[in-house]
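Participant: One file: query_10.cif (mmCIF, C-alpha atoms).
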data_query
loop_
_atom_site.label_atom_id
_atom_site.label_comp_id
_atom_site.auth_asym_id
_atom_site.auth_seq_id
_atom_site.Cartn_x
_atom_site.Cartn_y
_atom_site.Cartn_z
CA LEU G 1 11.34 -14.59 -31.39
CA LEU G 2 10.84 -15.52 -27.76
CA LEU G 3 7.31 -14.13 -27.80
CA SER G 4 6.60 -15.98 -31.05
CA PHE G 5 7.81 -19.21 -29.48
CA LEU G 6 5.65 -18.69 -26.43
CA ILE G 7 2.53 -17.99 -28.45
CA LEU G 8 3.14 -21.03 -30.64
CA THR G 9 3.53 -23.11 -27.50
CA PHE G 10 0.09 -22.09 -26.29
CA THR G 11 -1.77 -22.28 -29.61
CA GLY G 12 -0.18 -25.40 -31.04
CA CYS G 13 0.64 -27.49 -28.00
CA SER G 14 -2.64 -29.35 -27.74
CA SER G 15 -4.86 -30.91 -30.34
CA ALA G 16 -8.48 -31.50 -29.49
CA THR G 17 -9.18 -34.75 -27.74
CA SER G 18 -11.99 -36.93 -28.94
CA ALA G 19 -15.43 -35.50 -28.36
CA ALA G 20 -17.24 -38.51 -29.72
CA GLY G 21 -17.36 -42.24 -29.06
CA ARG G 22 -15.23 -43.53 -26.22
CA GLY G 23 -13.41 -40.24 -25.67
CA ALA G 24 -16.37 -38.05 -24.64
CA ASP G 25 -17.79 -36.50 -25.39
CA GLY G 26 -1.40 -27.71 -55.69
CA ALA G 27 1.48 -25.72 -57.20
CA ALA G 28 1.06 -22.04 -56.40
CA THR G 29 1.52 -20.70 -52.90
CA ALA G 30 -1.42 -19.62 -50.76
CA THR G 31 -2.97 -16.40 -52.07
CA ALA G 32 -6.26 -15.66 -50.25
CA LYS G 33 -5.93 -12.49 -48.15
CA THR G 34 -8.27 -10.37 -46.05
CA PRO G 35 -7.26 -7.05 -44.44
CA ALA G 36 -6.56 -7.48 -40.74
CA GLY G 37 -9.21 -4.91 -39.86
CA ASP G 38 -12.01 -6.39 -41.97
CA LEU G 39 -14.35 -7.95 -39.41
CA ALA G 40 -17.60 -7.18 -41.20
CA SER G 41 -18.14 -10.77 -42.32
CA MET G 42 -17.27 -12.08 -38.87
CA ARG G 43 -20.01 -10.37 -36.87
CA GLY G 44 -23.51 -11.68 -36.38
CA SER G 45 -24.67 -15.26 -36.49
CA ASP G 46 -26.45 -16.42 -39.66
CA PRO G 47 -25.87 -17.21 -42.38
CA VAL G 48 -22.45 -18.81 -42.57
CA THR G 49 -21.01 -18.29 -46.04
CA THR G 50 -18.12 -19.79 -47.97
CA ARG G 51 -16.03 -16.77 -46.97
CA ASP G 52 -16.27 -17.91 -43.34
CA LEU G 53 -14.53 -21.14 -44.33
CA ILE G 54 -11.60 -19.63 -46.25
CA PRO G 55 -8.38 -18.84 -44.35
CA PRO G 56 -7.90 -15.03 -44.49
CA MET G 57 -4.11 -15.37 -44.71
CA LEU G 58 -3.35 -12.29 -42.61
CA GLU G 59 0.11 -10.75 -42.46
CA GLY G 60 0.51 -9.97 -38.75
CA GLU G 61 2.85 -11.99 -36.54
CA HIS G 62 0.04 -13.17 -34.26
CA TYR G 63 -2.15 -14.53 -37.06
CA SER G 64 -3.26 -18.13 -36.61
CA ASP G 65 -5.99 -20.17 -38.23
CA LYS G 66 -7.21 -23.62 -37.25
CA TYR G 67 -9.63 -26.20 -38.66
CA THR G 68 -10.63 -29.06 -36.36
CA PHE G 69 -12.86 -32.04 -37.16
CA GLU G 70 -13.70 -35.17 -35.13
CA PHE G 71 -15.91 -38.10 -36.03
CA THR G 72 -17.22 -41.38 -34.66
CA LEU G 73 -17.80 -43.76 -37.57
CA GLY G 74 -19.23 -47.26 -37.78
CA THR G 75 -21.56 -49.20 -35.52
CA ALA G 76 -20.63 -50.32 -32.00
CA PRO G 77 -18.56 -52.26 -31.20
CA ASP G 78 -16.85 -51.72 -34.58
CA THR G 79 -16.45 -47.95 -34.29
CA TYR G 80 -13.56 -45.80 -35.44
CA GLU G 81 -12.66 -42.38 -34.04
CA LEU G 82 -11.15 -39.92 -36.52
CA TYR G 83 -9.41 -36.58 -35.98
CA PHE G 84 -8.33 -34.09 -38.68
CA SER G 85 -6.78 -30.64 -38.20
CA VAL G 86 -5.00 -27.90 -40.11
CA PHE G 87 -3.12 -25.15 -38.23
CA ILE G 88 -1.83 -22.09 -40.13
CA THR G 89 0.38 -19.56 -38.36
CA ASN G 90 2.76 -16.63 -38.78
CA LEU G 91 4.37 -17.22 -35.39
CA GLY G 92 8.12 -17.47 -35.61
CA PRO G 93 10.17 -17.07 -38.80
CA GLY G 94 8.20 -17.09 -42.05
CA GLN G 95 4.59 -16.45 -43.05
CA HIS G 96 1.66 -18.87 -43.38
CA LYS G 97 3.36 -22.01 -42.14
CA ALA G 98 1.02 -24.99 -41.88
CA GLN G 99 0.81 -28.04 -39.66
CA ILE G 100 -1.45 -30.97 -40.55
CA ARG G 101 -2.52 -33.64 -38.08
CA SER G 102 -4.76 -36.66 -38.17
CA ARG G 103 -5.58 -39.67 -36.05
CA ILE G 104 -7.52 -42.92 -36.25
CA VAL G 105 -8.46 -44.96 -33.20
CA THR G 106 -9.49 -48.45 -34.35
CA PRO G 107 -12.16 -50.64 -32.73
CA SER G 108 -9.38 -52.48 -30.88
CA GLY G 109 -8.12 -49.21 -29.38
CA GLU G 110 -5.00 -48.92 -31.55
CA ARG G 111 -4.06 -45.25 -32.15
CA LEU G 112 -2.55 -44.34 -35.51
CA THR G 113 -1.35 -40.74 -35.81
CA HIS G 114 0.34 -38.46 -38.32
CA SER G 115 1.68 -34.91 -38.20
CA LYS G 116 3.68 -32.79 -40.63
CA LYS G 117 4.79 -29.13 -40.86
CA LEU G 118 5.18 -27.19 -44.11
CA ASP G 119 6.47 -23.71 -44.95
CA GLY G 120 4.20 -21.12 -46.53
CA GLY G 121 5.41 -21.77 -50.08
CA GLU G 122 4.85 -25.52 -49.83
CA TRP G 123 1.06 -25.64 -49.83
CA THR G 124 -1.89 -23.97 -51.56
CA SER G 125 -5.16 -22.24 -50.74
CA ALA G 126 -7.68 -20.83 -53.22
CA ALA G 127 -8.58 -17.16 -52.85
CA ASP G 128 -12.33 -17.51 -53.45
CA ALA G 129 -13.19 -20.97 -52.11
CA LEU G 130 -12.28 -23.37 -49.35
CA SER G 131 -9.69 -25.46 -51.13
CA LEU G 132 -6.61 -26.43 -49.12
CA ALA G 133 -3.90 -28.74 -50.45
CA ILE G 134 -1.30 -29.32 -47.73
CA GLY G 135 1.01 -32.25 -48.30
CA ALA G 136 -1.22 -35.28 -48.82
CA TYR G 137 -4.10 -33.59 -47.00
CA ARG G 138 -7.08 -31.97 -48.72
CA LEU G 139 -9.98 -29.91 -47.37
CA SER G 140 -12.57 -28.27 -49.61
CA GLY G 141 -16.24 -27.40 -49.84
CA THR G 142 -19.02 -25.02 -48.86
CA PRO G 143 -21.29 -24.64 -45.81
CA GLU G 144 -23.58 -27.21 -47.44
CA ALA G 145 -20.94 -29.96 -47.85
CA MET G 146 -17.22 -30.47 -47.36
CA THR G 147 -14.76 -33.17 -48.34
CA MET G 148 -11.47 -34.13 -46.71
CA HIS G 149 -8.58 -36.49 -47.26
CA ALA G 150 -5.87 -37.41 -44.76
CA GLN G 151 -3.00 -39.86 -45.11
CA GLY G 152 -0.63 -41.28 -42.51
CA ASP G 153 2.02 -43.98 -42.70
CA ASP G 154 -0.43 -46.85 -42.11
CA TYR G 155 -3.79 -45.30 -42.89
CA ALA G 156 -5.84 -42.90 -44.97
CA PHE G 157 -9.40 -41.63 -44.94
CA ASP G 158 -11.68 -39.81 -47.37
CA LEU G 159 -14.91 -38.28 -46.08
CA ARG G 160 -17.83 -36.22 -47.33
CA ILE G 161 -19.43 -34.14 -44.57
CA THR G 162 -22.97 -32.77 -44.66
CA PRO G 163 -24.56 -30.86 -41.76
CA ASP G 164 -27.45 -32.19 -39.69
CA VAL G 165 -27.38 -28.84 -37.86
CA ALA G 166 -26.69 -25.79 -40.03
CA PRO G 167 -23.28 -24.10 -39.64
CA TRP G 168 -23.37 -21.41 -36.96
CA ARG G 169 -21.44 -18.19 -36.40
CA PRO G 170 -22.09 -17.16 -32.77
CA PRO G 171 -22.93 -13.46 -32.25
CA GLN G 172 -20.20 -13.43 -29.59
CA GLY G 173 -18.01 -15.79 -31.60
CA THR G 174 -15.87 -12.80 -32.57
CA ILE G 175 -14.15 -11.66 -29.39
CA THR G 176 -12.31 -8.34 -29.36
CA LEU G 177 -10.53 -6.28 -26.73
CA ARG G 178 -11.63 -2.79 -25.72
CA SER G 179 -8.05 -1.53 -25.99
CA ASN G 180 -7.72 -2.67 -29.64
CA PRO G 181 -10.94 -3.72 -31.44
CA GLN G 182 -8.93 -4.77 -34.50
CA GLN G 183 -7.47 -7.67 -32.54
CA TYR G 184 -9.83 -10.62 -32.34
CA PHE G 185 -10.46 -14.30 -31.89
CA HIS G 186 -13.19 -15.60 -34.21
CA THR G 187 -15.06 -18.93 -34.13
CA VAL G 188 -17.38 -20.53 -36.68
CA TYR G 189 -18.99 -23.92 -36.14
CA THR G 190 -18.61 -25.08 -39.72
CA ALA G 191 -20.26 -28.39 -38.88
CA PRO G 192 -21.84 -28.22 -35.41
CA ARG G 193 -23.30 -31.65 -35.98
CA SER G 194 -22.69 -33.46 -39.26
CA HIS G 195 -23.14 -36.73 -41.07
CA ALA G 196 -19.93 -38.17 -42.51
CA ARG G 197 -19.62 -40.89 -45.14
CA GLY G 198 -16.57 -42.25 -46.92
CA THR G 199 -13.74 -44.76 -46.82
CA ILE G 200 -11.13 -45.68 -44.23
CA THR G 201 -7.98 -47.58 -45.17
CA VAL G 202 -5.94 -49.14 -42.38
CA LYS G 203 -2.80 -51.15 -43.17
CA GLY G 204 -3.95 -51.83 -46.71
CA THR G 205 -7.55 -52.76 -45.94
CA SER G 206 -10.28 -50.35 -47.03
CA ILE G 207 -13.85 -50.25 -45.76
CA PRO G 208 -16.82 -47.97 -46.48
CA ILE G 209 -18.02 -46.23 -43.35
CA GLU G 210 -20.34 -43.52 -42.06
CA GLY G 211 -21.17 -41.79 -38.80
CA PHE G 212 -21.35 -38.38 -37.14
CA GLY G 213 -19.10 -35.64 -35.82
CA TYR G 214 -18.34 -31.91 -35.82
CA GLY G 215 -16.09 -29.24 -37.30
CA ILE G 216 -14.84 -25.86 -36.05
CA HIS G 217 -12.89 -23.06 -37.77
CA SER G 218 -11.15 -20.42 -35.64
CA VAL G 219 -9.10 -17.38 -36.67
CA SER G 220 -7.07 -15.05 -34.44
CA ASN G 221 -4.64 -12.16 -34.75
CA ILE G 222 -3.91 -11.78 -31.04
CA ALA G 223 -1.65 -13.58 -28.58
CA PRO G 224 -3.69 -16.00 -26.40
CA TYR G 225 -2.47 -14.50 -23.13
CA GLU G 226 -3.55 -11.02 -24.29
CA LEU G 227 -7.02 -12.30 -25.19
CA ALA G 228 -8.07 -14.33 -22.16
CA TRP G 229 -7.65 -14.77 -18.45
CA ARG G 230 -9.63 -17.99 -18.55
CA TRP G 231 -11.48 -20.22 -21.01
CA LEU G 232 -14.15 -22.67 -19.83
CA GLY G 233 -16.32 -25.02 -21.86
CA LEU G 234 -18.34 -28.20 -22.29
CA ARG G 235 -18.24 -30.35 -25.42
CA SER G 236 -20.30 -33.47 -26.06
CA VAL G 237 -21.08 -35.11 -29.40
CA ARG G 238 -23.29 -38.21 -29.23
CA PRO G 239 -25.61 -40.09 -31.59
CA ASP G 240 -28.70 -38.29 -30.28
CA TYR G 241 -27.38 -34.76 -29.49
CA THR G 242 -24.52 -32.27 -29.71
CA VAL G 243 -23.66 -29.68 -27.05
CA PHE G 244 -21.02 -26.96 -27.35
CA PHE G 245 -20.63 -24.33 -24.62
CA ARG G 246 -17.75 -21.87 -24.47
CA GLN G 247 -17.04 -18.99 -22.08
CA LEU G 248 -14.10 -16.58 -22.14
CA VAL G 249 -13.14 -14.12 -19.42
CA THR G 250 -10.86 -11.37 -20.72
CA PRO G 251 -7.70 -10.32 -18.80
CA GLU G 252 -7.85 -7.92 -15.89
CA ALA G 253 -6.58 -5.09 -18.11
CA ASP G 254 -9.73 -5.53 -20.20
CA GLY G 255 -12.05 -5.66 -17.18
CA LYS G 256 -12.42 -9.44 -16.96
CA ARG G 257 -15.47 -9.27 -19.22
CA GLU G 258 -17.41 -12.51 -19.69
CA GLN G 259 -18.43 -13.64 -23.17
CA ALA G 260 -20.15 -16.96 -23.83
CA PHE G 261 -22.13 -18.90 -26.41
CA LEU G 262 -24.01 -22.19 -26.51
CA ILE G 263 -25.30 -24.44 -29.29
CA ILE G 264 -27.35 -27.62 -28.91
CA GLY G 265 -28.42 -29.78 -31.83
CA GLY G 266 -29.57 -33.23 -32.79
CA PRO G 267 -30.17 -35.39 -35.87
CA ASN G 268 -33.91 -34.70 -35.61
CA GLY G 269 -33.34 -31.03 -36.46
CA LEU G 270 -33.45 -29.74 -32.86
CA ARG G 271 -31.37 -26.60 -32.66
CA PHE G 272 -30.87 -24.09 -29.89
CA SER G 273 -28.24 -21.35 -29.98
CA SER G 274 -27.62 -18.39 -27.72
CA ASP G 275 -25.15 -15.82 -26.48
CA GLN G 276 -27.51 -14.60 -23.73
CA ILE G 277 -26.19 -16.85 -20.99
CA ARG G 278 -26.01 -16.57 -17.22
CA VAL G 279 -23.15 -18.68 -15.85
CA ALA G 280 -22.95 -19.64 -12.17
CA LEU G 281 -19.85 -21.39 -10.79
CA ASP G 282 -19.41 -23.08 -7.41
CA ASN G 283 -17.67 -25.93 -5.54
CA PHE G 284 -14.25 -24.35 -6.19
CA THR G 285 -10.99 -26.13 -5.47
CA PRO G 286 -7.50 -24.63 -5.94
CA ASP G 287 -5.26 -26.03 -8.64
CA SER G 288 -1.80 -27.24 -7.62
CA HIS G 289 -0.10 -24.47 -9.63
CA PRO G 290 1.56 -21.78 -7.45
CA ASN G 291 -1.14 -19.40 -8.68
CA ALA G 292 -3.73 -21.71 -7.12
CA TYR G 293 -6.16 -21.15 -9.98
CA PRO G 294 -9.77 -21.65 -8.78
CA ILE G 295 -11.30 -24.70 -10.48
CA PRO G 296 -15.12 -24.66 -10.53
CA GLY G 297 -16.44 -28.09 -9.59
CA ARG G 298 -19.93 -27.29 -10.85
CA VAL G 299 -21.21 -25.05 -13.66
CA VAL G 300 -24.83 -23.98 -14.10
CA LEU G 301 -26.02 -22.35 -17.34
CA HIS G 302 -29.27 -20.59 -18.07
CA ALA G 303 -29.53 -19.40 -21.68
CA ARG G 304 -32.24 -17.58 -23.63
CA SER G 305 -32.81 -17.06 -27.33
CA GLY G 306 -35.42 -14.87 -28.98
CA GLU G 307 -37.92 -12.48 -27.45
CA GLY G 308 -41.31 -12.58 -25.73
CA ALA G 309 -43.59 -15.60 -25.73
CA SER G 310 -41.60 -17.25 -28.51
CA GLN G 311 -38.39 -17.17 -26.48
CA ASP G 312 -36.46 -20.45 -26.34
CA GLU G 313 -34.52 -21.51 -23.24
CA ALA G 314 -31.82 -23.92 -22.15
CA GLN G 315 -30.64 -25.00 -18.71
CA ILE G 316 -27.54 -27.14 -18.25
CA ILE G 317 -25.71 -28.32 -15.14
CA PHE G 318 -22.37 -30.10 -15.44
CA LYS G 319 -19.78 -31.21 -12.90
CA ALA G 320 -16.08 -31.98 -12.88
CA ASP G 321 -15.88 -35.73 -12.38
CA GLU G 322 -12.75 -37.62 -13.40
CA LEU G 323 -9.67 -35.56 -14.29
CA ARG G 324 -8.75 -36.65 -17.79
CA SER G 325 -5.65 -34.52 -18.30
CA ARG G 326 -3.72 -31.62 -16.79
CA SER G 327 -0.79 -29.77 -18.37
CA GLU G 328 1.45 -26.77 -17.79
CA PRO G 329 2.73 -25.76 -21.25
CA LEU G 330 5.81 -24.02 -19.81
CA LYS G 331 6.83 -26.80 -17.48
CA ASN G 332 9.33 -28.55 -19.76
CA LEU G 333 11.09 -25.41 -20.99
CA ASN G 334 14.59 -24.70 -19.79
CA ALA G 335 14.81 -22.49 -16.74
CA PHE G 336 15.80 -19.27 -18.54
CA VAL G 337 13.14 -19.52 -21.25
CA ARG G 338 10.53 -20.44 -18.67
CA MET G 339 11.46 -17.45 -16.51
CA MET G 340 11.10 -15.12 -19.50
CA ALA G 341 7.80 -16.70 -20.53
CA GLU G 342 6.31 -16.39 -17.09
CA GLN G 343 6.62 -12.61 -17.34
CA PHE G 344 3.72 -12.82 -19.80
CA THR G 345 1.71 -15.90 -18.86
CA LYS G 346 1.52 -18.88 -16.52
CA PRO G 347 -0.89 -21.27 -18.28
CA VAL G 348 -2.59 -24.38 -16.95
CA ASN G 349 -4.92 -26.59 -19.01
CA LEU G 350 -7.32 -29.08 -17.42
CA GLU G 351 -9.86 -31.48 -18.88
CA TYR G 352 -12.43 -33.50 -16.97
CA PHE G 353 -15.03 -36.07 -17.83
CA ALA G 354 -18.25 -34.31 -16.88
CA PRO G 355 -21.75 -35.71 -16.36
CA PHE G 356 -24.44 -33.18 -17.23
CA ALA G 357 -28.19 -32.71 -17.34
CA ALA G 358 -29.93 -30.47 -19.87
CA ARG G 359 -33.41 -29.02 -20.40
CA VAL G 360 -34.07 -27.24 -23.68
CA LYS G 361 -37.24 -25.46 -24.81
CA VAL G 362 -37.55 -24.99 -28.57
CA ASP G 363 -40.79 -23.75 -30.17
CA GLY G 364 -42.60 -24.17 -26.86
CA VAL G 365 -41.61 -27.82 -26.37
CA TRP G 366 -39.25 -28.91 -23.60
CA HIS G 367 -36.61 -31.58 -24.32
CA GLU G 368 -34.65 -33.23 -21.50
CA PHE G 369 -31.56 -35.39 -21.70
CA GLU G 370 -28.50 -36.38 -19.71
CA GLY G 371 -25.03 -37.24 -20.85
CA ARG G 372 -21.31 -37.11 -20.36
CA GLY G 373 -18.90 -34.74 -22.06
CA ASN G 374 -15.55 -33.01 -21.89
CA TYR G 375 -15.30 -30.13 -19.42
CA GLU G 376 -12.28 -28.03 -20.34
CA ILE G 377 -10.78 -25.13 -18.43
CA ASN G 378 -7.71 -23.12 -19.41
CA PHE G 379 -6.07 -20.46 -17.25
CA LEU G 380 -3.50 -18.11 -18.76
CA ASN G 381 -2.78 -15.71 -15.91
CA LYS G 382 -3.67 -15.14 -12.28
#
I'd like the structure from this file rewritten - as structure tokens, please.

Facilitator:
Amino acid sequence: LLLSFLILTFTGCSSATSAAGRGADGAATATAKTPAGDLASMRGSDPVTTRDLIPPMLEGEHYSDKYTFEFTLGTAPDTYELYFSVFITNLGPGQHKAQIRSRIVTPSGERLTHSKKLDGGEWTSAADALSLAIGAYRLSGTPEAMTMHAQGDDYAFDLRITPDVAPWRPPQGTITLRSNPQQYFHTVYTAPRSHARGTITVKGTSIPIEGFGYGIHSVSNIAPYELAWRWLGLRSVRPDYTVFFRQLVTPEADGKREQAFLIIGGPNGLRFSSDQIRVALDNFTPDSHPNAYPIPGRVVLHARSGEGASQDEAQIIFKADELRSRSEPLKNLNAFVRMMAEQFTKPVNLEYFAPFAARVKVDGVWHEFEGRGNYEINFLNK
């Protein structure tokens, strides 16, 4: 139970912060099941199918499944920021527990939030389609279009989401360990860049609205501290482009292998994706944690996609600017529980505002742009 609590602390302690706008960047129980060892549909990149969207509802204790969506809707200065997430987990007592979360930030800056937890028998999931009914929340659809509904105490929203950039399953989006290839962390960008249209209701007033955003679906059957020594990434979703970069370094026991992927897209159809990425880090400073984790102040990426003369390229440089947040998930635990937890992991999570510059060559044409995004870095062990 202690290990289950620790894992839940790390996987459920933080919801994604806004990547867009001001911020940055039924009746039966769930039945869909996939064998824990069935990774065939999770390898490779294209195409993303409906099966990639359905929660596999695994039986192992370390199973977790998360859907995350964020949107900027409306026209400045009357923009709304929306967040929607579903987290399914076997951690702790019981199977397939679910937590739903949503948030609206109004044009005035008011934050309205809602969160609720349900046991496995209190919500439903179809076996052959993405169709979740969890409390008052709904999420359904296909790679071509999805719909969602969320409801808090003072608000509700209904959205239809269609992709501007096709859903993407990174070739290295399924990360496994050498010691146990049946343990994995899997990522699908269900909506790397999408158009959203629908209705927002705030304190009894409803308005039609549309805008842009993204969606991600991740599945894991491994404890976070067994999967990674460090995560590092850049996320920026803006009206004219979307950038997602993610790098994982496995623990020392797995050889500290580096795995990374990058996707860039825009409303004009521009798309670059790659898992052939050279990552250079410099300008290190030590974190204040006793482990003195090394924080890279600058990250340089050089990515390639394709072969020969038709090869596409991307170059991105981003820097840690203003520290947006820093947390130690174990810090507020009582002394005994913290001492036990630190035998397995000593996590630190940091997020910075990060200016960046990008050059992308697609079909022989170079595109250049600059921006500002969220630079996130997560250490789990020294």

Participant: Name the residues that the PyMOL selection byres ((chain G and resi 65-80) around 6) pulls out of this structure, and write them as a PyMOL selection string.

Facilitator: chain G and resi 20-21+64+81-88+105-107+209-219

Participant: Which residues match the PyMOL selection byres ((chain G and resi 281) around 6) in the file above, as a list in words?

Facilitator: Ala280, Asp282, Pro296, Arg298 and Val299 of chain G

Participant: In Å, with one decimal, what is the gap from atom CA of G:Thr50 to atom CA of G:Glu144?

Facilitator: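 Interatomic distance here is 9.2 Å.
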
Participant: Compare G:Tyr189, G:Gly371, G:Lys382, G:Gly121 by their minimum atom-to-atom distance to G:Gln343, counting only C-alpha atoms, and give me the closest one.

Facilitator: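 Under the stated criterion, the closest residue is G:Lys382.
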
Participant: Quick check, in Å to one decimal: how far apart do atom CA of G:Asn378 and atom CA of G:Pro290 lie?

Facilitator: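 Value for the atom CA of G:Asn378-atom CA of G:Pro290 distance: 15.2 Å.
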
Participant: Quote the spacing between atom CA of G:Ser220 and atom CA of G:Gln183 in Å to one decimal place.

Facilitator: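 The value is 7.6 Å.
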
Participant: Extract, using only C-alpha atoms, all DNA, RNA and protein residues at most 8 Å from G:Leu330, discarding same-chain residues fewer than 6 positions from it, and format them as a PDB file with C-alpha atoms, in the coordinates of the input.

Facilitator:
ATOM      1  CA  ARG G 338      10.530 -20.440 -18.670  1.00  0.00           C
ATOM      2  CA  ALA G 341       7.800 -16.700 -20.530  1.00  0.00           C
ATOM      3  CA  LYS G 346       1.520 -18.880 -16.520  1.00  0.00           C
ATOM      4  CA  PRO G 347      -0.890 -21.270 -18.280  1.00  0.00           C
TER       5      PRO G 347
END

Participant: Determine, counting only C-alpha atoms, which protein, DNA and RNA residues have an atom within 9 Å of an atom of stretch 249-263 of chain G; residues of the same chain fewer than 6 positions away are not included. Present the result as an MDAnalysis selection string.

Facilitator: chainID G and resid 168 170:173 175 177:179 192 225:232 242:243 271:279 303 380:381

Participant: So, counting all atoms listed in the file, which residue among G:Tyr63, G:Pro163, G:Tyr375, G:Ile100 is closest to G:Gly135?

Facilitator: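 Under the stated criterion, the closest residue is G:Ile100.
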
Participant: Name every residue that the PyMOL selection byres ((chain G and resi 310) around 12) selects in this structure, writing the answer as a PyMOL selection string with chains first and numbers rising.

Facilitator: chain G and resi 304-309+311-313+361-365

Participant: Let me see the file: selected residues, C-alpha atoms, as a short mmCIF file (atom, residue, chain, number, x, y, z; two decimals), in the coordinates of the input.

Facilitator:
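Result saved to result-v6.cif:
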data_model
loop_
_atom_site.label_atom_id
_atom_site.label_comp_id
_atom_site.auth_asym_id
_atom_site.auth_seq_id
_atom_site.Cartn_x
_atom_site.Cartn_y
_atom_site.Cartn_z
CA ARG G 304 -32.24 -17.58 -23.63
CA SER G 305 -32.81 -17.06 -27.33
CA GLY G 306 -35.42 -14.87 -28.98
CA GLU G 307 -37.92 -12.48 -27.45
CA GLY G 308 -41.31 -12.58 -25.73
CA ALA G 309 -43.59 -15.60 -25.73
CA GLN G 311 -38.39 -17.17 -26.48
CA ASP G 312 -36.46 -20.45 -26.34
CA GLU G 313 -34.52 -21.51 -23.24
CA LYS G 361 -37.24 -25.46 -24.81
CA VAL G 362 -37.55 -24.99 -28.57
CA ASP G 363 -40.79 -23.75 -30.17
CA GLY G 364 -42.60 -24.17 -26.86
CA VAL G 365 -41.61 -27.82 -26.37
#

Participant: From the options G:Ala292, G:Leu333, G:Ala320, G:Ala191, which residue's atoms come nearest to G:Val348, counting only C-alpha atoms?

Facilitator: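 Selected residue with least distance to G:Val348: G:Ala292.
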
Participant: Between G:Pro329, G:Gly60, G:Gly141, G:Gly152, which has the minimum distance to G:Ser102 (counting all atoms listed in the file)?

Facilitator: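 For G:Ser102, the nearest of the given residues is G:Gly152.
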
Participant: Restricting the calculation to all atoms listed in the file, which member of G:Leu132, G:Lys116, G:Arg111, G:Tyr155 is positioned closest to G:Pro55?

Facilitator: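 Looking at the shortest contact to G:Pro55, the residue is G:Leu132.
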
Participant: Counting all atoms listed in the file, find the residues whose atoms lie at most 7 Å from (2.6, -10.8, -42.3) (file coordinates) and write them out as a list in words.

Facilitator: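 Result, sorted by chain then residue number: Leu58, Glu59, Gly60, Glu61, Asn90 and Gln95 of chain G.
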
Participant: Find the residue from G:Ile104, G:Leu91, G:Ala358, G:Ala335 that sits nearest to G:Ile264; use only C-alpha atoms when measuring.

Facilitator: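 With only C-alpha atoms as the atom set, the closest residue is G:Ala358.
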